[in-house]
$ cat query_10.cif   # mmCIF, C-alpha atoms
data_start
#
loop_
_atom_site.label_atom_id
_atom_site.label_comp_id
_atom_site.auth_asym_id
_atom_site.auth_seq_id
_atom_site.Cartn_x
_atom_site.Cartn_y
_atom_site.Cartn_z
CA MET A 211 81.18 111.53 110.29
CA ILE A 212 82.90 109.96 107.30
CA VAL A 213 81.01 110.15 104.01
CA LEU A 214 82.20 107.99 101.13
CA GLY A 215 80.64 109.03 97.84
CA SER A 216 79.79 112.51 99.04
CA THR A 217 78.60 113.79 95.65
CA SER A 218 75.64 111.41 95.97
CA GLU A 219 72.37 113.28 96.44
CA VAL A 220 71.34 110.68 99.02
CA ALA A 221 74.57 111.15 100.97
CA GLN A 222 74.16 114.91 101.01
CA ALA A 223 70.50 114.62 102.00
CA PHE A 224 71.47 112.28 104.85
CA VAL A 225 74.11 114.71 106.11
CA GLU A 226 71.56 117.53 106.10
CA LYS A 227 68.93 115.34 107.78
CA ALA A 228 71.36 114.37 110.56
CA LEU A 229 72.34 118.00 111.14
CA GLN A 230 68.70 119.14 111.11
CA GLU A 231 67.96 116.50 113.76
CA GLY A 232 70.65 117.98 115.99
CA GLU A 233 73.45 115.45 115.49
CA LYS A 234 76.81 116.93 116.47
CA PHE A 235 80.00 116.15 114.58
CA GLU A 236 83.42 117.58 115.35
CA LYS A 237 84.09 117.36 111.62
CA ILE A 238 82.53 115.74 108.58
CA TYR A 239 85.01 114.11 106.20
CA LEU A 240 83.70 114.27 102.66
CA PHE A 241 85.44 111.73 100.42
CA THR A 242 85.00 112.46 96.74
CA SER A 243 86.31 112.02 93.22
CA ASN A 244 84.78 115.40 92.33
CA LYS A 245 86.42 117.94 94.61
CA GLU A 246 84.82 121.05 93.12
CA THR A 247 81.25 119.80 93.59
CA THR A 248 81.98 118.53 97.08
CA GLU A 249 83.59 121.78 98.18
CA ARG A 250 80.36 123.57 97.27
CA PHE A 251 78.46 121.20 99.54
CA ALA A 252 81.03 121.72 102.31
CA ARG A 253 80.50 125.49 102.08
CA HIS A 254 76.74 124.95 102.12
CA ILE A 255 76.70 122.99 105.40
CA ASP A 256 79.17 125.46 106.90
CA VAL A 257 76.86 128.38 106.16
CA LYS A 258 73.58 126.60 106.97
CA PHE A 259 74.62 124.53 109.99
CA LEU A 260 78.00 125.98 111.05
CA GLN A 261 79.35 122.48 110.41
CA GLN A 262 83.06 122.10 109.72
CA ALA A 263 83.94 119.74 106.88
CA GLU A 264 87.09 118.47 105.22
CA VAL A 265 87.07 117.46 101.56
CA ILE A 266 89.32 114.49 100.74
CA ASP A 267 90.16 113.20 97.27
CA LEU A 268 89.29 109.54 96.76
CA ASP A 269 89.33 107.91 93.33
CA LEU A 270 88.59 104.20 93.61
CA THR A 271 90.00 103.57 90.14
CA LYS A 272 93.48 104.64 91.30
CA GLU A 273 95.97 103.44 93.90
CA ILE A 274 95.08 104.70 97.39
CA ASP A 275 97.53 106.08 99.93
CA TYR A 276 95.94 105.18 103.26
CA ASN A 277 98.48 107.25 105.19
CA ARG A 278 96.44 110.30 104.16
CA PHE A 279 93.60 109.04 106.36
CA ASP A 280 95.53 108.47 109.59
CA HIS A 281 94.22 111.67 111.19
CA ILE A 282 90.57 110.77 110.68
CA ASN A 283 88.52 109.73 113.68
CA SER A 284 84.78 109.31 113.50
CA ASN A 285 81.86 107.46 115.02
CA VAL A 286 79.69 107.23 111.90
CA LEU A 287 80.62 106.08 108.40
CA PHE A 288 78.10 106.61 105.60
CA CYS A 289 78.94 104.90 102.31
CA ALA A 290 76.94 105.96 99.26
CA VAL A 291 79.50 104.92 96.66
CA GLY A 292 77.83 103.56 93.54
CA TYR A 293 78.40 103.26 89.82
CA LEU A 294 75.64 101.90 87.57
CA GLY A 295 77.73 101.71 84.42
CA GLU A 296 76.38 100.78 81.01
CA GLY A 297 73.78 98.04 81.29
CA THR A 298 73.10 97.43 77.60
CA GLU A 299 74.42 94.45 75.65
CA GLU A 300 77.28 96.64 74.39
CA GLY A 301 78.16 97.52 77.98
CA LEU A 302 77.99 93.88 79.05
CA TYR A 303 80.81 92.90 76.71
CA ASP A 304 82.88 96.02 77.34
CA ASN A 305 85.44 94.79 79.85
CA ARG A 306 86.47 98.30 80.87
CA ASN A 307 82.84 99.02 81.78
CA THR A 308 82.60 95.72 83.69
CA GLU A 309 85.84 96.30 85.58
CA ARG A 310 84.78 99.82 86.55
CA ILE A 311 81.41 98.62 87.87
CA ILE A 312 83.05 95.88 89.97
CA ASP A 313 85.92 98.09 91.17
CA ILE A 314 83.81 101.02 92.32
CA ASN A 315 80.92 99.05 93.81
CA TYR A 316 82.97 96.35 95.48
CA SER A 317 86.58 95.35 94.92
CA LYS A 318 88.24 98.75 95.44
CA LEU A 319 85.61 99.94 97.91
CA VAL A 320 85.89 97.12 100.45
CA PRO A 321 89.53 97.81 101.42
CA VAL A 322 88.56 101.43 102.19
CA MET A 323 85.62 100.25 104.28
CA ASN A 324 87.89 97.80 106.09
CA TYR A 325 90.42 100.52 106.86
CA PHE A 326 87.81 102.53 108.75
CA ALA A 327 86.05 99.47 110.19
CA HIS A 328 89.34 98.58 111.90
CA LYS A 329 89.42 102.03 113.50
CA PHE A 330 85.85 101.58 114.74
CA GLU A 331 86.69 98.14 116.11
CA SER A 332 89.72 99.50 117.96
CA ARG A 333 87.53 102.17 119.55
CA ARG A 334 84.71 99.64 120.19
CA SER A 335 82.00 102.03 119.07
CA GLY A 336 80.33 103.46 116.00
CA THR A 337 77.91 102.81 113.17
CA ILE A 338 78.70 101.90 109.58
CA ILE A 339 75.94 102.57 107.04
CA GLY A 340 76.34 101.05 103.59
CA LEU A 341 74.07 101.69 100.60
CA SER A 342 73.73 98.49 98.60
CA SER A 343 70.87 97.85 96.17
CA VAL A 344 67.82 95.70 95.52
CA ALA A 345 69.69 94.78 92.32
CA GLY A 346 71.85 92.56 94.52
CA ASP A 347 68.90 90.47 95.74
CA ARG A 348 68.75 88.43 92.52
CA GLY A 349 70.58 88.65 89.21
CA ARG A 350 68.39 90.03 86.43
CA GLN A 351 69.32 90.39 82.79
CA SER A 352 68.89 94.17 82.75
CA ASN A 353 71.71 94.92 85.21
CA PHE A 354 73.33 91.74 86.48
CA ILE A 355 76.93 93.00 86.42
CA TYR A 356 75.97 95.90 88.67
CA GLY A 357 73.69 93.58 90.63
CA SER A 358 76.43 91.02 91.18
CA ALA A 359 78.75 93.72 92.58
CA LYS A 360 75.99 94.94 94.89
CA ALA A 361 75.22 91.35 95.93
CA ALA A 362 78.86 90.99 96.94
CA PHE A 363 78.70 94.30 98.84
CA THR A 364 75.53 93.17 100.64
CA ALA A 365 77.27 89.93 101.66
CA TYR A 366 80.30 91.93 102.83
CA LEU A 367 78.13 94.18 105.00
CA SER A 368 76.34 91.14 106.44
CA GLY A 369 79.62 89.50 107.38
CA LEU A 370 81.02 92.75 108.74
CA ARG A 371 77.91 93.20 110.90
CA ASN A 372 78.35 89.67 112.27
CA TYR A 373 82.07 90.22 112.90
CA LEU A 374 81.72 93.61 114.58
CA PHE A 375 78.66 92.82 116.71
CA ASP A 376 80.61 91.86 119.82
CA LYS A 377 83.03 94.73 119.18
CA LYS A 378 80.14 97.18 119.82
CA VAL A 379 80.09 98.45 116.22
CA HIS A 380 76.78 98.38 114.34
CA VAL A 381 76.49 97.85 110.59
CA LEU A 382 73.36 98.94 108.73
CA THR A 383 72.64 97.76 105.17
CA ILE A 384 70.38 100.06 103.14
CA LYS A 385 68.69 98.73 100.00
CA PRO A 386 67.30 101.54 97.87
CA GLY A 387 64.95 100.63 95.06
CA PHE A 388 64.46 103.16 92.28
CA MET A 389 66.00 106.51 93.20
CA ALA A 390 65.47 109.86 91.49
CA THR A 391 69.14 110.82 91.21
CA LYS A 392 71.69 111.84 88.59
CA MET A 393 72.70 108.19 88.22
CA THR A 394 69.19 107.17 87.12
CA GLU A 395 68.35 110.31 85.14
CA GLY A 396 66.64 109.39 81.89
CA LEU A 397 65.59 105.91 83.00
CA PRO A 398 61.85 105.04 82.82
CA LEU A 399 61.22 104.74 86.56
CA ASN A 400 57.79 104.04 88.06
CA PRO A 401 57.08 107.09 90.28
CA LYS A 402 55.20 104.91 92.81
CA LEU A 403 58.36 102.83 93.31
CA THR A 404 60.82 105.74 93.22
CA ALA A 405 62.11 107.65 96.24
CA THR A 406 63.60 111.13 96.30
CA PRO A 407 66.93 111.69 98.07
CA LYS A 408 65.11 113.43 100.93
CA GLN A 409 62.73 110.50 101.36
CA ALA A 410 65.69 108.13 101.35
CA ALA A 411 67.58 110.24 103.88
CA ALA A 412 64.61 110.26 106.27
CA CYS A 413 64.27 106.48 106.02
CA ILE A 414 68.01 105.91 106.51
CA TYR A 415 68.19 108.25 109.48
CA LYS A 416 65.25 106.47 111.12
CA ALA A 417 66.90 103.07 110.55
CA PHE A 418 70.18 104.47 111.89
CA LYS A 419 68.57 105.68 115.11
CA LYS A 420 66.70 102.39 115.59
CA GLN A 421 69.89 100.42 114.89
CA LYS A 422 68.23 98.30 112.25
CA ASN A 423 70.30 95.70 110.44
CA VAL A 424 68.75 95.89 106.95
CA ALA A 425 66.28 98.45 105.64
CA TYR A 426 64.62 99.04 102.28
CA VAL A 427 64.11 102.73 101.51
CA LEU A 428 60.52 102.12 100.38
CA PRO A 429 58.89 99.19 102.25
CA VAL A 430 57.17 98.01 99.06
CA TRP A 431 60.57 96.92 97.73
CA SER A 432 60.92 94.29 100.44
CA ILE A 433 57.72 92.68 99.13
CA ILE A 434 58.73 93.02 95.47
CA MET A 435 62.14 91.49 96.05
CA MET A 436 60.73 88.68 98.22
CA ILE A 437 58.51 87.72 95.28
CA ILE A 438 61.38 87.97 92.78
CA ARG A 439 63.71 85.90 94.99
CA ASN A 440 61.13 83.14 95.26
CA ILE A 441 60.26 82.75 91.58
CA PRO A 442 61.45 79.24 90.56
CA GLU A 443 64.55 79.38 88.37
CA PHE A 444 62.93 77.48 85.47
CA ILE A 445 60.38 80.31 85.24
CA PHE A 446 62.68 83.18 86.24
CA LYS A 447 65.21 82.52 83.47
CA LYS A 448 62.51 83.15 80.85
CA LEU A 449 61.43 86.51 82.26
CA LYS A 450 62.44 89.93 80.94
CA LEU A 451 63.45 91.74 84.12
#

$ encode --input "query_10.cif" --output "structure tokens"
Amino acid sequence: MIVLGSTSEVAQAFVEKALQEGEKFEKIYLFTSNKETTERFARHIDVKFLQQAEVIDLDLTKEIDYNRFDHINSNVLFCAVGYLGEGTEEGLYDNRNTERIIDINYSKLVPVMNYFAHKFESRRSGTIIGLSSVAGDRGRQSNFIYGSAKAAFTAYLSGLRNYLFDKKVHVLTIKPGFMATKMTEGLPLNPKLTATPKQAAACIYKAFKKQKNVAYVLPVWSIIMMIIRNIPEFIFKKLKL
């Protein structure tokens, strides 16, 4: 299995869930921009599950040498890459913040996804799981730069799923709502609408095994976002969301 964004609590919970369910991987490739943290997780799954892992540096803000990935073969790709950035008015007009949000969530991520998608296509097998966001379902003033990048990523996954369907490769889009993670620490999240990493991992694993196309981590978010998507624009533009 390939894991992009392997410092993510959701990614690590999914890896553990898959191993607990008896999934067998010759090796798990943990891509990370934080090697020290990821190496601790690699040691953890080695001790707990006797699972071999390889930690690979990947910084999406820097130039990528794809030759380093030639040896990697896998049948599952799990992408949990995400960067919320600064969503305040000051962050909105900080171009470095904007560029980083777009680069990490979409523009620098997609070429990496494509690199591995091509390998899956050549082998005519595999599953690609991408974590997008409900923020991409409609632009809202509170986080629309992040939301626009996630909207683009959702569209990319949709197109990739369509393209790879007859190549026997499945693409699953996951849309988490509020998540209790380091990225959202300190935010005033409604506990009834917030999932833990373990809850998310269980939902994602179930969707993976059922070969779903799109899944919300908590079903209530599909209803919430359906309502938000269908609010007329002349009303929506006046709302504080």

$ resolve_selection --input "query_10.cif" --expression "the PyMOL selection byres ((chain A and resi 312) around 9)" --output "PyMOL selection string"
chain A and resi 293+307-311+313-318+355-356+358-360

$ residues_near_point --input "query_10.cif" --point "(83.8, 95.8, 114.2)" --cutoff "8 Å" --atoms "all atoms listed in the file" --output "PyMOL selection string"
chain A and resi 327-328+330-332+334+370-371+373-380

$ resolve_selection --input "query_10.cif" --expression "the PyMOL selection byres ((chain A and resi 423-433) around 8)" --output "list in words"
Val344, Val381, Leu382, Thr383, Ile384, Lys385, Pro386, Gly387, Leu403, Ala405, Gln409, Ala410, Cys413, Ile414, Ala417, Gln421, Lys422, Ile434, Met435, Met436 and Ile437 of chain A

$ write_last_selection --input "query_10.cif" --atoms "C-alpha atoms" --output "compact mmCIF listing (two decimals), in the coordinates of the input"
# COMPACT_ATOMS: atom_id res chain seq x y z
CA VAL A 344 67.82 95.70 95.52
CA VAL A 381 76.49 97.85 110.59
CA LEU A 382 73.36 98.94 108.73
CA THR A 383 72.64 97.76 105.17
CA ILE A 384 70.38 100.06 103.14
CA LYS A 385 68.69 98.73 100.00
CA PRO A 386 67.30 101.54 97.87
CA GLY A 387 64.95 100.63 95.06
CA LEU A 403 58.36 102.83 93.31
CA ALA A 405 62.11 107.65 96.24
CA GLN A 409 62.73 110.50 101.36
CA ALA A 410 65.69 108.13 101.35
CA CYS A 413 64.27 106.48 106.02
CA ILE A 414 68.01 105.91 106.51
CA ALA A 417 66.90 103.07 110.55
CA GLN A 421 69.89 100.42 114.89
CA LYS A 422 68.23 98.30 112.25
CA ILE A 434 58.73 93.02 95.47
CA MET A 435 62.14 91.49 96.05
CA MET A 436 60.73 88.68 98.22
CA ILE A 437 58.51 87.72 95.28

$ residues_around --input "query_10.cif" --residues "Pro398 of chain A" --least-positions-apart "5" --cutoff "12 Å" --atoms "only C-alpha atoms" --output "PyMOL selection string"
chain A and resi 388-390+403-404

$ write_last_selection --input "query_10.cif" --atoms "C-alpha atoms" --output "compact mmCIF listing (two decimals), in the frame of the given file"
# COMPACT_ATOMS: atom_id res chain seq x y z
CA PHE A 388 64.46 103.16 92.28
CA MET A 389 66.00 106.51 93.20
CA ALA A 390 65.47 109.86 91.49
CA LEU A 403 58.36 102.83 93.31
CA THR A 404 60.82 105.74 93.22

$ closest_residue --input "query_10.cif" --among "A:Asn283, A:Tyr366, A:Ala290, A:Asn305" --to "Leu341 of chain A" --atoms "all atoms listed in the file"
A:Ala290

$ closest_residue --input "query_10.cif" --among "A:Ile339, A:Ile445, A:Ala223, A:Ile238" --to "Gln261 of chain A" --atoms "only C-alpha atoms"
A:Ile238

$ residues_around --input "query_10.cif" --residues "Phe446 of chain A" --least-positions-apart "5" --cutoff "12 Å" --atoms "only C-alpha atoms" --output "VMD selection string"
chain A and resid 348 to 351 437 to 441 451

$ residues_around --input "query_10.cif" --residues "Phe224 of chain A" --least-positions-apart "3" --cutoff "10 Å" --atoms "only C-alpha atoms" --output "PyMOL selection string"
chain A and resi 213+218-221+227-230+288+407-415

$ atom_distance --input "query_10.cif" --atom1 "atom CA of Pro401 of chain A" --atom2 "atom CA of Leu302 of chain A"
27.2 Å

$ resolve_selection --input "query_10.cif" --expression "the PyMOL selection byres ((chain A and resi 281) around 12)" --output "short mmCIF file (atom, residue, chain, number, x, y, z; two decimals) with C-alpha atoms, in the coordinates of the input"
data_model
loop_
_atom_site.label_atom_id
_atom_site.label_comp_id
_atom_site.auth_asym_id
_atom_site.auth_seq_id
_atom_site.Cartn_x
_atom_site.Cartn_y
_atom_site.Cartn_z
CA LYS A 237 84.09 117.36 111.62
CA TYR A 239 85.01 114.11 106.20
CA GLU A 264 87.09 118.47 105.22
CA ILE A 266 89.32 114.49 100.74
CA TYR A 276 95.94 105.18 103.26
CA ASN A 277 98.48 107.25 105.19
CA ARG A 278 96.44 110.30 104.16
CA PHE A 279 93.60 109.04 106.36
CA ASP A 280 95.53 108.47 109.59
CA ILE A 282 90.57 110.77 110.68
CA ASN A 283 88.52 109.73 113.68
CA SER A 284 84.78 109.31 113.50
CA PHE A 326 87.81 102.53 108.75
CA LYS A 329 89.42 102.03 113.50
#

$ atom_distance --input "query_10.cif" --atom1 "atom CA of Leu287 of chain A" --atom2 "atom CA of Glu395 of chain A"
26.6 Å

$ atom_distance --input "query_10.cif" --atom1 "atom CA of Ile338 of chain A" --atom2 "atom CA of Val322 of chain A"
12.3 Å

$ closest_residue --input "query_10.cif" --among "A:Arg306, A:Tyr325, A:Gly346, A:Val225" --to "Asp275 of chain A" --atoms "all atoms listed in the file"
A:Tyr325

$ closest_residue --input "query_10.cif" --among "A:Glu273, A:Val291, A:Lys234, A:Gln222" --to "Phe251 of chain A" --atoms "only C-alpha atoms"
A:Gln222

$ closest_residue --input "query_10.cif" --among "A:Leu449, A:Val286, A:Met323, A:Leu399" --to "Phe418 of chain A" --atoms "all atoms listed in the file"
A:Val286

$ closest_residue --input "query_10.cif" --among "A:Leu214, A:Asp304, A:Lys448, A:Lys392" --to "Gly340 of chain A" --atoms "only C-alpha atoms"
A:Leu214

$ decode --input "query_10.cif" --residues "segment 226-256 of chain A" --atoms "N, CA and C atoms" --output "CSV table (one decimal), in the first residue's frame"
chain,number,residue,atom,x,y,z
A,226,GLU,N,-3.9,0.9,10.3
A,226,GLU,CA,-4.1,0.0,11.4
A,226,GLU,C,-5.4,-0.8,11.2
A,227,LYS,N,-6.5,-0.1,10.7
A,227,LYS,CA,-7.8,-0.8,10.5
A,227,LYS,C,-7.6,-1.9,9.4
A,228,ALA,N,-6.9,-1.6,8.3
A,228,ALA,CA,-6.7,-2.6,7.3
A,228,ALA,C,-5.9,-3.8,7.8
A,229,LEU,N,-4.9,-3.5,8.6
A,229,LEU,CA,-4.1,-4.6,9.1
A,229,LEU,C,-4.8,-5.4,10.1
A,230,GLN,N,-5.6,-4.8,11.0
A,230,GLN,CA,-6.5,-5.5,11.9
A,230,GLN,C,-7.5,-6.4,11.2
A,231,GLU,N,-7.9,-6.0,10.0
A,231,GLU,CA,-8.9,-6.8,9.3
A,231,GLU,C,-8.3,-7.9,8.5
A,232,GLY,N,-7.0,-8.0,8.6
A,232,GLY,CA,-6.3,-9.1,7.9
A,232,GLY,C,-5.7,-8.8,6.5
A,233,GLU,N,-5.8,-7.6,6.1
A,233,GLU,CA,-5.2,-7.2,4.8
A,233,GLU,C,-3.7,-7.5,4.8
A,234,LYS,N,-3.2,-8.0,3.7
A,234,LYS,CA,-1.8,-8.4,3.6
A,234,LYS,C,-1.1,-7.5,2.6
A,235,PHE,N,0.0,-6.9,3.0
A,235,PHE,CA,0.8,-6.0,2.1
A,235,PHE,C,2.2,-6.4,2.2
A,236,GLU,N,2.8,-6.6,1.0
A,236,GLU,CA,4.2,-6.9,1.0
A,236,GLU,C,5.1,-5.8,1.7
A,237,LYS,N,4.6,-4.6,1.4
A,237,LYS,CA,5.3,-3.5,2.1
A,237,LYS,C,4.3,-2.3,2.0
A,238,ILE,N,4.4,-1.4,3.0
A,238,ILE,CA,3.6,-0.2,3.0
A,238,ILE,C,4.6,0.9,2.9
A,239,TYR,N,4.4,1.8,1.8
A,239,TYR,CA,5.2,2.9,1.5
A,239,TYR,C,4.6,4.2,2.1
A,240,LEU,N,5.3,4.7,3.1
A,240,LEU,CA,4.8,5.8,3.9
A,240,LEU,C,5.5,7.1,3.4
A,241,PHE,N,4.7,7.9,2.6
A,241,PHE,CA,5.3,9.2,2.1
A,241,PHE,C,5.0,10.3,3.1
A,242,THR,N,6.0,11.1,3.3
A,242,THR,CA,5.9,12.0,4.4
A,242,THR,C,6.8,13.2,4.2
A,243,SER,N,6.4,14.4,4.8
A,243,SER,CA,7.3,15.5,4.9
A,243,SER,C,7.9,15.6,6.3
A,244,ASN,N,7.5,14.7,7.2
A,244,ASN,CA,8.0,14.6,8.5
A,244,ASN,C,8.5,13.2,8.8
A,245,LYS,N,9.7,13.0,8.5
A,245,LYS,CA,10.3,11.7,8.5
A,245,LYS,C,10.4,11.1,9.9
A,246,GLU,N,10.7,11.9,10.9
A,246,GLU,CA,10.9,11.4,12.3
A,246,GLU,C,9.6,10.9,12.8
A,247,THR,N,8.5,11.6,12.6
A,247,THR,CA,7.2,11.2,13.1
A,247,THR,C,6.7,9.9,12.4
A,248,THR,N,6.9,9.9,11.1
A,248,THR,CA,6.5,8.7,10.3
A,248,THR,C,7.3,7.5,10.6
A,249,GLU,N,8.6,7.6,10.9
A,249,GLU,CA,9.4,6.5,11.3
A,249,GLU,C,8.9,5.8,12.6
A,250,ARG,N,8.4,6.7,13.5
A,250,ARG,CA,7.8,6.1,14.7
A,250,ARG,C,6.6,5.3,14.4
A,251,PHE,N,5.8,5.7,13.5
A,251,PHE,CA,4.6,4.9,13.1
A,251,PHE,C,5.0,3.7,12.4
A,252,ALA,N,6.1,3.7,11.5
A,252,ALA,CA,6.6,2.5,10.9
A,252,ALA,C,7.0,1.5,11.9
A,253,ARG,N,7.7,1.9,12.9
A,253,ARG,CA,8.2,1.0,14.0
A,253,ARG,C,7.0,0.4,14.7
A,254,HIS,N,6.0,1.2,14.9
A,254,HIS,CA,4.8,0.8,15.6
A,254,HIS,C,4.1,-0.4,14.9
A,255,ILE,N,3.8,-0.2,13.5
A,255,ILE,CA,3.1,-1.3,12.8
A,255,ILE,C,4.0,-2.5,12.6
A,256,ASP,N,5.4,-2.3,12.7
A,256,ASP,CA,6.3,-3.4,12.6
A,256,ASP,C,6.1,-4.3,13.8
